[in-house]
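For reference, coords27.txt (compact mmCIF, C-alpha atoms):
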# COMPACT_ATOMS: atom_id res chain seq x y z
CA MET A 1 -30.41 -21.63 -145.20
CA THR A 2 -31.96 -24.70 -143.58
CA GLU A 3 -29.86 -26.27 -140.82
CA GLN A 4 -29.79 -30.05 -140.80
CA THR A 5 -27.90 -32.64 -138.80
CA ILE A 6 -27.96 -36.36 -139.41
CA PHE A 7 -27.15 -38.48 -136.37
CA LEU A 8 -26.01 -41.89 -137.57
CA ASN A 9 -26.21 -45.18 -135.66
CA ALA A 10 -28.40 -44.11 -132.75
CA LYS A 11 -29.77 -46.90 -130.58
CA LEU A 12 -33.37 -46.48 -129.46
CA ALA A 13 -34.99 -47.89 -126.33
CA ASP A 14 -36.42 -50.81 -128.31
CA GLY A 15 -32.89 -51.82 -129.38
CA SER A 16 -33.21 -50.71 -133.00
CA LEU A 17 -30.36 -48.85 -134.67
CA VAL A 18 -31.49 -45.78 -136.58
CA ASP A 19 -30.37 -42.60 -138.26
CA LEU A 20 -31.98 -39.41 -136.96
CA THR A 21 -32.38 -36.46 -139.29
CA VAL A 22 -32.84 -33.17 -137.44
CA THR A 23 -33.96 -30.13 -139.39
CA ASP A 24 -34.28 -26.71 -137.75
CA GLY A 25 -34.28 -28.25 -134.29
CA ARG A 26 -36.83 -31.04 -134.83
CA PHE A 27 -36.70 -34.70 -135.74
CA ARG A 28 -37.85 -34.76 -139.35
CA VAL A 29 -36.91 -38.26 -140.46
CA ILE A 30 -36.09 -41.44 -138.55
CA THR A 31 -34.89 -44.35 -140.64
CA PRO A 32 -33.13 -47.67 -140.07
CA ALA A 33 -29.38 -47.14 -139.83
CA GLY A 34 -27.76 -46.64 -143.21
CA LYS A 35 -30.96 -45.50 -144.89
CA ALA A 36 -31.00 -41.80 -144.16
CA PRO A 37 -32.46 -39.88 -147.13
CA SER A 38 -30.18 -38.08 -149.56
CA VAL A 39 -30.00 -34.30 -149.23
CA ASP A 40 -29.43 -31.34 -151.49
CA LEU A 41 -26.18 -29.93 -150.15
CA ALA A 42 -26.69 -26.68 -152.04
CA SER A 43 -29.81 -25.77 -150.05
CA ILE A 44 -28.90 -26.83 -146.52
CA ASP A 45 -26.23 -26.41 -143.90
CA LEU A 46 -25.49 -30.08 -143.20
CA ALA A 47 -23.64 -31.76 -140.34
CA ILE A 48 -23.21 -35.50 -139.84
CA ILE A 49 -22.51 -37.03 -136.42
CA ASP A 50 -21.92 -40.75 -135.93
CA LEU A 51 -23.21 -41.77 -132.49
CA GLY A 52 -21.61 -45.19 -132.77
CA GLY A 53 -24.49 -47.17 -131.32
CA GLN A 54 -24.93 -45.07 -128.18
CA LEU A 55 -28.32 -45.23 -126.50
CA VAL A 56 -30.38 -42.15 -127.32
CA ALA A 57 -32.94 -41.05 -124.76
CA PRO A 58 -35.26 -38.06 -124.69
CA ALA A 59 -33.92 -35.31 -122.44
CA PHE A 60 -34.77 -35.88 -118.79
CA VAL A 61 -37.59 -34.01 -117.08
CA GLU A 62 -36.68 -32.34 -113.78
CA GLY A 63 -40.19 -32.22 -112.39
CA HIS A 64 -39.64 -30.65 -108.97
CA ILE A 65 -36.81 -28.40 -107.87
CA HIS A 66 -36.21 -25.15 -105.97
CA LEU A 67 -33.96 -22.81 -107.95
CA ASP A 68 -34.15 -20.05 -105.35
CA THR A 69 -33.07 -21.96 -102.25
CA SER A 70 -30.18 -24.20 -103.33
CA PHE A 71 -26.66 -23.55 -102.08
CA TYR A 72 -25.02 -25.58 -104.85
CA GLY A 73 -21.80 -23.78 -105.79
CA ASP A 74 -21.99 -21.67 -102.63
CA ALA A 75 -20.21 -22.28 -99.33
CA TRP A 76 -21.00 -25.61 -97.68
CA ARG A 77 -23.74 -25.25 -95.09
CA PRO A 78 -23.87 -27.99 -92.43
CA HIS A 79 -27.29 -29.55 -92.03
CA ILE A 80 -29.25 -28.47 -88.96
CA PRO A 81 -31.47 -31.26 -87.62
CA CYS A 82 -34.99 -30.59 -86.37
CA SER A 83 -35.30 -30.54 -82.61
CA ASN A 84 -38.02 -33.20 -82.42
CA GLY A 85 -38.47 -35.13 -85.65
CA PHE A 86 -39.27 -33.73 -89.09
CA ASP A 87 -41.05 -30.38 -88.79
CA VAL A 88 -41.85 -28.22 -91.81
CA ARG A 89 -42.12 -24.97 -89.85
CA GLU A 90 -38.76 -25.52 -88.22
CA ARG A 91 -37.12 -26.32 -91.53
CA VAL A 92 -38.59 -23.14 -93.04
CA ALA A 93 -37.00 -21.17 -90.18
CA PHE A 94 -33.62 -22.82 -90.81
CA GLN A 95 -33.97 -21.98 -94.49
CA ALA A 96 -34.62 -18.28 -93.81
CA ARG A 97 -31.53 -18.11 -91.60
CA ASN A 98 -29.32 -19.76 -94.22
CA LEU A 99 -30.62 -17.72 -97.14
CA ALA A 100 -29.81 -14.50 -95.31
CA ALA A 101 -26.11 -15.41 -95.49
CA ALA A 102 -26.10 -17.05 -98.94
CA ALA A 103 -24.49 -15.95 -102.19
CA PRO A 104 -26.68 -13.91 -104.58
CA MET A 105 -29.71 -15.91 -105.64
CA ASP A 106 -29.15 -15.53 -109.38
CA GLU A 107 -25.66 -17.02 -109.08
CA ARG A 108 -26.92 -19.98 -107.09
CA ALA A 109 -29.83 -20.55 -109.47
CA LYS A 110 -27.52 -20.52 -112.49
CA ASN A 111 -25.18 -23.00 -110.81
CA GLN A 112 -28.07 -25.33 -110.20
CA LEU A 113 -29.48 -24.91 -113.71
CA GLU A 114 -26.15 -25.71 -115.34
CA LEU A 115 -25.76 -28.75 -113.11
CA CYS A 116 -29.14 -30.07 -114.29
CA ILE A 117 -28.57 -29.24 -117.96
CA GLY A 118 -25.15 -30.85 -117.84
CA ASN A 119 -26.73 -34.09 -116.64
CA GLY A 120 -29.38 -34.07 -119.36
CA SER A 121 -32.46 -32.24 -118.06
CA LEU A 122 -33.88 -29.82 -120.62
CA ALA A 123 -37.33 -29.37 -119.06
CA MET A 124 -37.91 -28.32 -115.47
CA ARG A 125 -40.57 -27.31 -112.97
CA SER A 126 -39.23 -25.09 -110.21
CA HIS A 127 -41.14 -23.99 -107.14
CA VAL A 128 -40.28 -20.41 -106.13
CA MET A 129 -41.07 -18.85 -102.76
CA VAL A 130 -43.90 -16.30 -102.92
CA ASP A 131 -45.36 -15.39 -99.52
CA GLY A 132 -45.53 -12.72 -96.88
CA SER A 133 -41.96 -13.38 -95.74
CA VAL A 134 -40.21 -12.67 -99.07
CA GLY A 135 -42.87 -11.02 -101.20
CA LEU A 136 -42.05 -11.26 -104.91
CA LYS A 137 -38.27 -10.83 -104.61
CA HIS A 138 -37.41 -14.49 -105.23
CA LEU A 139 -39.74 -14.67 -108.22
CA GLU A 140 -38.37 -11.53 -109.85
CA THR A 141 -34.85 -12.96 -109.68
CA ILE A 142 -35.81 -16.39 -111.00
CA LEU A 143 -37.90 -14.91 -113.82
CA ALA A 144 -34.78 -13.08 -115.02
CA VAL A 145 -32.71 -16.27 -114.82
CA ARG A 146 -35.37 -18.20 -116.73
CA LYS A 147 -35.28 -15.60 -119.49
CA GLN A 148 -31.49 -15.82 -119.70
CA TYR A 149 -31.57 -19.62 -120.07
CA ARG A 150 -34.69 -19.95 -122.22
CA ASP A 151 -32.74 -21.21 -125.24
CA LEU A 152 -31.17 -24.00 -123.18
CA ILE A 153 -34.00 -25.31 -121.01
CA ASP A 154 -37.78 -24.99 -120.70
CA ILE A 155 -38.71 -23.91 -117.17
CA GLN A 156 -42.14 -23.88 -115.56
CA LEU A 157 -42.43 -21.82 -112.39
CA VAL A 158 -44.75 -22.54 -109.46
CA ALA A 159 -45.72 -19.73 -107.10
CA PHE A 160 -44.93 -21.54 -103.86
CA PRO A 161 -46.23 -20.26 -100.47
CA GLN A 162 -43.40 -21.67 -98.34
CA SER A 163 -44.71 -19.88 -95.23
CA GLY A 164 -48.31 -20.94 -95.78
CA ILE A 165 -51.19 -19.07 -97.39
CA LEU A 166 -53.66 -18.24 -94.63
CA SER A 167 -51.02 -18.03 -91.91
CA SER A 168 -48.82 -15.62 -93.90
CA PRO A 169 -50.49 -12.20 -94.19
CA GLY A 170 -50.82 -10.87 -97.74
CA THR A 171 -49.89 -14.15 -99.41
CA PRO A 172 -53.10 -14.67 -101.46
CA ASP A 173 -52.61 -11.29 -103.16
CA LEU A 174 -48.93 -12.01 -103.74
CA LEU A 175 -49.75 -15.35 -105.35
CA ASP A 176 -52.26 -13.58 -107.59
CA GLU A 177 -49.58 -11.09 -108.66
CA ALA A 178 -47.04 -13.88 -109.18
CA LEU A 179 -49.33 -15.53 -111.73
CA LYS A 180 -49.71 -12.19 -113.50
CA LEU A 181 -45.93 -11.80 -113.63
CA GLY A 182 -45.34 -15.15 -115.32
CA CYS A 183 -45.71 -18.11 -112.98
CA ASP A 184 -47.24 -21.08 -114.76
CA LEU A 185 -48.74 -22.81 -111.73
CA ILE A 186 -50.02 -22.08 -108.26
CA GLY A 187 -48.62 -24.06 -105.35
CA GLY A 188 -49.69 -24.93 -101.85
CA LEU A 189 -48.26 -26.37 -98.64
CA ASP A 190 -49.81 -28.85 -96.21
CA PRO A 191 -53.29 -27.27 -95.98
CA ALA A 192 -54.16 -29.21 -92.81
CA SER A 193 -51.01 -29.14 -90.71
CA PHE A 194 -49.54 -25.79 -91.80
CA ASP A 195 -52.55 -23.52 -92.31
CA ARG A 196 -54.94 -25.76 -90.35
CA ASP A 197 -57.73 -25.00 -92.80
CA VAL A 198 -57.96 -27.40 -95.71
CA LYS A 199 -60.99 -25.76 -97.31
CA GLY A 200 -59.68 -22.20 -96.93
CA HIS A 201 -56.26 -23.13 -98.28
CA LEU A 202 -57.65 -24.99 -101.30
CA ASP A 203 -60.18 -22.24 -101.95
CA VAL A 204 -57.29 -19.84 -102.57
CA VAL A 205 -55.22 -22.32 -104.61
CA PHE A 206 -57.97 -23.51 -106.92
CA GLY A 207 -59.60 -20.07 -107.06
CA LEU A 208 -56.39 -18.54 -108.41
CA ALA A 209 -55.88 -21.47 -110.76
CA GLN A 210 -59.32 -20.91 -112.23
CA LYS A 211 -58.85 -17.15 -112.44
CA HIS A 212 -55.56 -17.40 -114.35
CA GLY A 213 -56.01 -20.67 -116.20
CA ALA A 214 -52.99 -22.01 -114.33
CA GLY A 215 -52.02 -25.49 -113.21
CA VAL A 216 -51.70 -26.60 -109.58
CA ASP A 217 -48.82 -28.35 -107.81
CA ILE A 218 -49.21 -28.69 -104.04
CA HIS A 219 -46.53 -29.76 -101.54
CA LEU A 220 -48.04 -32.34 -99.19
CA HIS A 221 -45.84 -33.75 -96.44
CA ASP A 222 -48.57 -34.90 -94.05
CA GLY A 223 -48.57 -38.64 -93.52
CA GLY A 224 -51.16 -41.35 -92.95
CA THR A 225 -54.87 -40.70 -93.02
CA LEU A 226 -54.40 -36.93 -92.66
CA GLY A 227 -52.35 -36.90 -95.82
CA LEU A 228 -54.79 -39.20 -97.59
CA PHE A 229 -57.72 -36.96 -96.64
CA GLN A 230 -56.03 -33.97 -98.27
CA VAL A 231 -55.22 -35.98 -101.40
CA GLU A 232 -58.91 -36.88 -101.60
CA GLU A 233 -59.93 -33.24 -101.25
CA ILE A 234 -57.49 -32.16 -103.98
CA ALA A 235 -58.69 -34.90 -106.31
CA ALA A 236 -62.35 -33.99 -105.69
CA ARG A 237 -61.73 -30.34 -106.54
CA THR A 238 -59.71 -31.24 -109.60
CA LYS A 239 -62.50 -33.38 -110.98
CA ALA A 240 -65.27 -30.93 -110.08
CA LEU A 241 -63.48 -28.07 -111.84
CA GLY A 242 -62.55 -30.09 -114.92
CA MET A 243 -58.83 -29.68 -114.25
CA GLN A 244 -57.82 -33.28 -114.99
CA GLY A 245 -54.24 -33.41 -116.20
CA HIS A 246 -53.38 -30.00 -114.74
CA VAL A 247 -52.94 -30.84 -111.05
CA ALA A 248 -50.11 -32.54 -109.19
CA VAL A 249 -49.41 -33.42 -105.58
CA SER A 250 -45.73 -33.32 -104.69
CA HIS A 251 -44.33 -35.74 -102.09
CA ALA A 252 -47.68 -37.15 -100.90
CA TYR A 253 -45.91 -39.03 -98.12
CA GLY A 254 -49.25 -40.24 -96.80
CA LEU A 255 -49.71 -42.55 -99.78
CA GLY A 256 -46.67 -44.47 -98.59
CA ASP A 257 -47.98 -45.37 -95.14
CA ILE A 258 -51.57 -46.46 -95.64
CA PRO A 259 -52.94 -50.02 -95.97
CA ALA A 260 -52.88 -51.71 -99.37
CA ASP A 261 -56.66 -51.57 -99.81
CA ALA A 262 -56.72 -47.83 -99.06
CA LEU A 263 -53.84 -47.31 -101.51
CA LEU A 264 -55.74 -49.17 -104.23
CA LYS A 265 -58.77 -46.93 -103.76
CA ALA A 266 -56.55 -43.83 -103.69
CA GLY A 267 -54.85 -44.88 -106.92
CA GLU A 268 -58.18 -45.38 -108.67
CA MET A 269 -59.38 -42.01 -107.37
CA LEU A 270 -56.25 -40.16 -108.52
CA ALA A 271 -56.34 -41.78 -111.95
CA ALA A 272 -60.00 -40.84 -112.41
CA ALA A 273 -59.29 -37.26 -111.35
CA GLY A 274 -56.17 -36.97 -113.51
CA VAL A 275 -54.00 -35.91 -110.58
CA ALA A 276 -50.29 -36.66 -110.96
CA ILE A 277 -47.99 -37.60 -108.08
CA MET A 278 -44.40 -36.39 -107.75
CA THR A 279 -41.92 -38.34 -105.65
CA ASN A 280 -38.18 -38.01 -105.26
CA ALA A 281 -38.00 -41.14 -103.07
CA PRO A 282 -36.57 -39.25 -100.06
CA GLY A 283 -34.30 -41.22 -97.78
CA ASN A 284 -36.06 -41.05 -94.42
CA HIS A 285 -39.72 -40.72 -95.39
CA ALA A 286 -42.39 -43.07 -96.60
CA PHE A 287 -43.07 -42.27 -100.24
CA PRO A 288 -45.83 -43.09 -102.74
CA PRO A 289 -45.59 -46.69 -104.03
CA VAL A 290 -44.60 -46.06 -107.64
CA ALA A 291 -45.54 -49.44 -109.13
CA ALA A 292 -48.97 -49.64 -107.48
CA LEU A 293 -49.91 -46.11 -108.51
CA ARG A 294 -48.71 -46.61 -112.08
CA GLN A 295 -50.69 -49.84 -112.30
CA ALA A 296 -53.78 -47.89 -111.24
CA GLY A 297 -53.17 -45.47 -114.10
CA VAL A 298 -51.69 -42.58 -112.09
CA THR A 299 -48.99 -40.44 -113.69
CA VAL A 300 -45.99 -40.63 -111.36
CA PHE A 301 -43.08 -38.30 -112.04
CA SER A 302 -39.99 -37.14 -110.20
CA GLY A 303 -37.56 -34.36 -109.45
CA SER A 304 -34.44 -33.66 -107.44
CA ASP A 305 -36.44 -31.46 -105.03
CA ASN A 306 -33.71 -30.04 -102.79
CA ILE A 307 -30.09 -29.82 -103.85
CA ARG A 308 -27.68 -28.97 -101.04
CA ASP A 309 -30.07 -26.68 -99.25
CA SER A 310 -31.60 -26.24 -95.80
CA TRP A 311 -33.64 -29.43 -96.06
CA TRP A 312 -30.82 -31.85 -96.76
CA PRO A 313 -27.24 -31.85 -98.08
CA TYR A 314 -27.82 -34.33 -100.92
CA GLY A 315 -28.75 -33.89 -104.59
CA ASP A 316 -26.74 -34.09 -107.79
CA GLY A 317 -29.15 -32.70 -110.37
CA ASP A 318 -29.08 -35.99 -112.29
CA MET A 319 -32.50 -37.43 -113.09
CA LEU A 320 -30.96 -40.70 -114.26
CA SER A 321 -29.46 -41.02 -110.79
CA ARG A 322 -32.93 -40.23 -109.42
CA ALA A 323 -34.41 -43.07 -111.52
CA ASN A 324 -31.78 -45.36 -109.99
CA MET A 325 -32.77 -44.21 -106.50
CA ILE A 326 -36.48 -44.70 -107.18
CA GLY A 327 -35.80 -48.17 -108.53
CA HIS A 328 -33.56 -49.09 -105.61
CA ARG A 329 -35.99 -47.87 -102.94
CA SER A 330 -38.95 -49.43 -104.74
CA GLY A 331 -37.35 -52.85 -105.04
CA PHE A 332 -37.30 -52.72 -108.85
CA TYR A 333 -35.10 -55.51 -110.20
CA GLU A 334 -36.63 -56.82 -113.42
CA ASP A 335 -36.02 -55.09 -116.73
CA HIS A 336 -39.61 -53.90 -117.05
CA GLU A 337 -39.42 -52.38 -113.57
CA LEU A 338 -36.18 -50.58 -114.37
CA ALA A 339 -37.79 -49.30 -117.54
CA ALA A 340 -40.66 -47.97 -115.42
CA ALA A 341 -38.20 -46.04 -113.24
CA PHE A 342 -36.75 -44.54 -116.42
CA ASP A 343 -40.22 -43.60 -117.63
CA VAL A 344 -40.84 -41.70 -114.39
CA VAL A 345 -38.02 -39.27 -115.26
CA THR A 346 -38.78 -39.04 -118.99
CA HIS A 347 -42.18 -39.64 -120.61
CA ALA A 348 -44.22 -39.63 -117.39
CA GLY A 349 -42.54 -36.39 -116.38
CA ALA A 350 -43.33 -34.90 -119.78
CA LYS A 351 -46.97 -35.91 -119.37
CA ALA A 352 -47.21 -34.44 -115.88
CA LEU A 353 -45.73 -31.14 -117.09
CA GLY A 354 -47.92 -31.12 -120.20
CA LEU A 355 -44.93 -30.96 -122.53
CA GLU A 356 -45.70 -31.01 -126.22
CA SER A 357 -43.45 -32.43 -128.92
CA TYR A 358 -41.51 -34.62 -126.47
CA GLY A 359 -39.61 -37.80 -127.25
CA ILE A 360 -37.62 -39.43 -130.00
CA ALA A 361 -40.28 -39.12 -132.68
CA VAL A 362 -40.82 -37.38 -135.99
CA GLY A 363 -41.96 -33.82 -135.36
CA ALA A 364 -40.70 -33.70 -131.77
CA SER A 365 -38.13 -31.20 -130.59
CA ALA A 366 -34.67 -32.76 -130.89
CA ASP A 367 -33.87 -32.58 -127.16
CA PHE A 368 -32.03 -35.74 -126.27
CA VAL A 369 -29.16 -37.36 -124.38
CA THR A 370 -26.68 -39.98 -125.53
CA LEU A 371 -25.79 -42.66 -122.99
CA GLN A 372 -23.04 -45.26 -122.86
CA ALA A 373 -25.39 -48.16 -122.17
CA GLN A 374 -26.70 -51.19 -124.05
CA HIS A 375 -30.29 -50.45 -123.12
CA VAL A 376 -32.52 -48.57 -120.68
CA PRO A 377 -32.30 -51.07 -117.77
CA GLU A 378 -28.50 -50.89 -117.86
CA ALA A 379 -28.64 -47.09 -117.98
CA VAL A 380 -30.79 -47.00 -114.83
CA VAL A 381 -28.47 -49.38 -112.97
CA ALA A 382 -25.12 -48.02 -114.19
CA VAL A 383 -25.99 -44.30 -114.36
CA PRO A 384 -23.29 -43.68 -117.00
CA LYS A 385 -21.77 -40.20 -116.89
CA GLY A 386 -20.22 -39.99 -120.36
CA ARG A 387 -23.16 -38.16 -121.88
CA THR A 388 -23.72 -35.57 -124.55
CA VAL A 389 -26.81 -33.40 -124.20
CA TYR A 390 -28.49 -31.99 -127.31
CA ARG A 391 -30.94 -29.10 -127.33
CA ARG A 392 -32.86 -28.85 -130.60
CA GLY A 393 -30.15 -30.93 -132.24
CA ARG A 394 -27.25 -28.83 -130.98
CA ALA A 395 -24.78 -30.10 -128.37
CA VAL A 396 -25.06 -27.97 -125.22
CA ALA A 397 -23.26 -30.14 -122.67
CA LYS A 398 -20.78 -33.00 -122.65
CA ASP A 399 -19.45 -35.07 -119.76
CA SER A 400 -21.56 -33.00 -117.33
CA LYS A 401 -19.99 -29.73 -118.48
CA MET A 402 -21.71 -26.94 -120.37
CA LEU A 403 -20.54 -26.29 -123.92
CA VAL A 404 -22.59 -23.10 -124.33
CA ARG A 405 -24.11 -20.51 -122.01
For the structure just supplied, provide its representation as structure tokens.
Amino acid sequence: MTEQTIFLNAKLADGSLVDLTVTDGRFRVITPAGKAPSVDLASIDLAIIDLGGQLVAPAFVEGHIHLDTSFYGDAWRPHIPCSNGFDVRERVAFQARNLAAAAPMDERAKNQLELCIGNGSLAMRSHVMVDGSVGLKHLETILAVRKQYRDLIDIQLVAFPQSGILSSPGTPDLLDEALKLGCDLIGGLDPASFDRDVKGHLDVVFGLAQKHGAGVDIHLHDGGTLGLFQVEEIAARTKALGMQGHVAVSHAYGLGDIPADALLKAGEMLAAAGVAIMTNAPGNHAFPPVAALRQAGVTVFSGSDNIRDSWWPYGDGDMLSRANMIGHRSGFYEDHELAAAFDVVTHAGAKALGLESYGIAVGASADFVTLQAQHVPEAVVAVPKGRTVYRRGRAVAKDSKMLVR
């Protein structure tokens, strides 16, 4: 029997009040409130839910997270500062020390997943360590967790060489195997400052991407002109290989500390190459100017990145809170700017991840969140917590707590 749910009095982002008819997990009909079509009760299993004018938003997109290295739900681990300013190698060493004493990885990953789902994220991209230091152990665990939660959230996995590619023996072959096992994308890490060989590093990344038909998402922490140079190299390769729309640079701190004219050129270059930029607006780093890049046509998306791990103690798994942070740090005050911050964690994130059937639209998967807000700008500012999260039209979380597992 066909399953159908009619959600009455849903408020859309444009302020209109509508009725949403969901059939077998997809939006089938969207009508002005009070004009939902009649149904044959003999042929369907019907439920009716009155949303009472709550704002309905597409489920949030958690575009960058690390399911294998979070300590959320585990014992509190005090942050260890770097000895002389931010240093990726030193942080990686701290991480290895902490992980050795952590709770089982699958438990920690599930805790983090349920935190994100409870706050309204139903699509995610997680980077998972694959390198000479851990082999494929992290990936094997996270693949099993992804399978367990596949009915609740869509998860893309990035084979992430946390210890470098060229400087970590055996890593290229491990990355190759990771893509065979089920990773969706190949990652990278600071080709210049970590491996000290931009060409060699990118040869491996883009070579494996071409071999497996995979996407690319590279961590890039290097600042200033060094960071910009690597962004240029990534964009050039993307365009030359016809990979527009399948490559992202995560963090790209360097875009946040270059002159305005250089940023304008970089934005035009990234837009032409179809390279997306991920930022989580970290507290003590320059970060890519969201408004300027969006104006240039660049897809800018976001993610929690680290949640209570060896890099910092913050993170709440709430992408609406992340939109608030991006807006606050970017100086977004007007309604259209607040709406842009919201777009970064919804539609722009869906575009960056290549999600199909996304949004509140006929034919799209009925993955959505109800918010106690008059409109999107208020939602970004207030970050209301009284939410219900629907996966394919079925409630899976309410008030930040899971209803099903």
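Note that atom CA of Leu181 of chain A and atom CA of Arg108 of chain A are 21.7 Å apart.
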Open item on the list: Which residues are near segment 183-190 of chain A? Cut-off 10 Å, all atoms listed in the file, ignore same chain within fewer than 6 positions. Put them as an MDAnalysis selection string.
Closed with: chainID A and resid 88 125:130 139 143 155:165 175:177 196:198 201:202 204:209 212:222 226:227 230 246:250 252
TODO: Tell me which protein, DNA and RNA residues are within 8 Å of Trp312 of chain A, counting all atoms listed in the file, leaving out same-chain ones fewer than 5 positions away, and put them as a count of residues only.
DONE: 3
Task: Which residue of A:Asp74, A:Asp367, A:Asp45, A:Glu233 approaches Thr2 of chain A most closely, using all atoms listed in the file - done: A:Asp45
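Counting only C-alpha atoms and comparing A:Thr69, A:Ser330, A:Thr299, A:Thr23, the residue that lies closest to Phe287 of chain A is A:Ser330.
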- [ ] Please provide the set of residues having any atom within 7 Å of segment 380-390 of chain A, restricted to all atoms listed in the file, with same-chain residues fewer than 6 positions apart removed, written as a list of chain:residue names.
- [x] A:Gly120, A:Leu320, A:Ser321, A:Ala323, A:Asn324, A:Leu338, A:Phe342, A:Asp367, A:Phe368, A:Val369, A:Thr370, A:Leu371, A:Gln372, A:Val396, A:Ala397, A:Lys398, A:Asp399
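Using all atoms listed in the file for every distance, the candidate list A:Thr141, A:Thr346, A:Thr238, A:Ser168 yields A:Thr346 as the residue closest to Gly359 of chain A.
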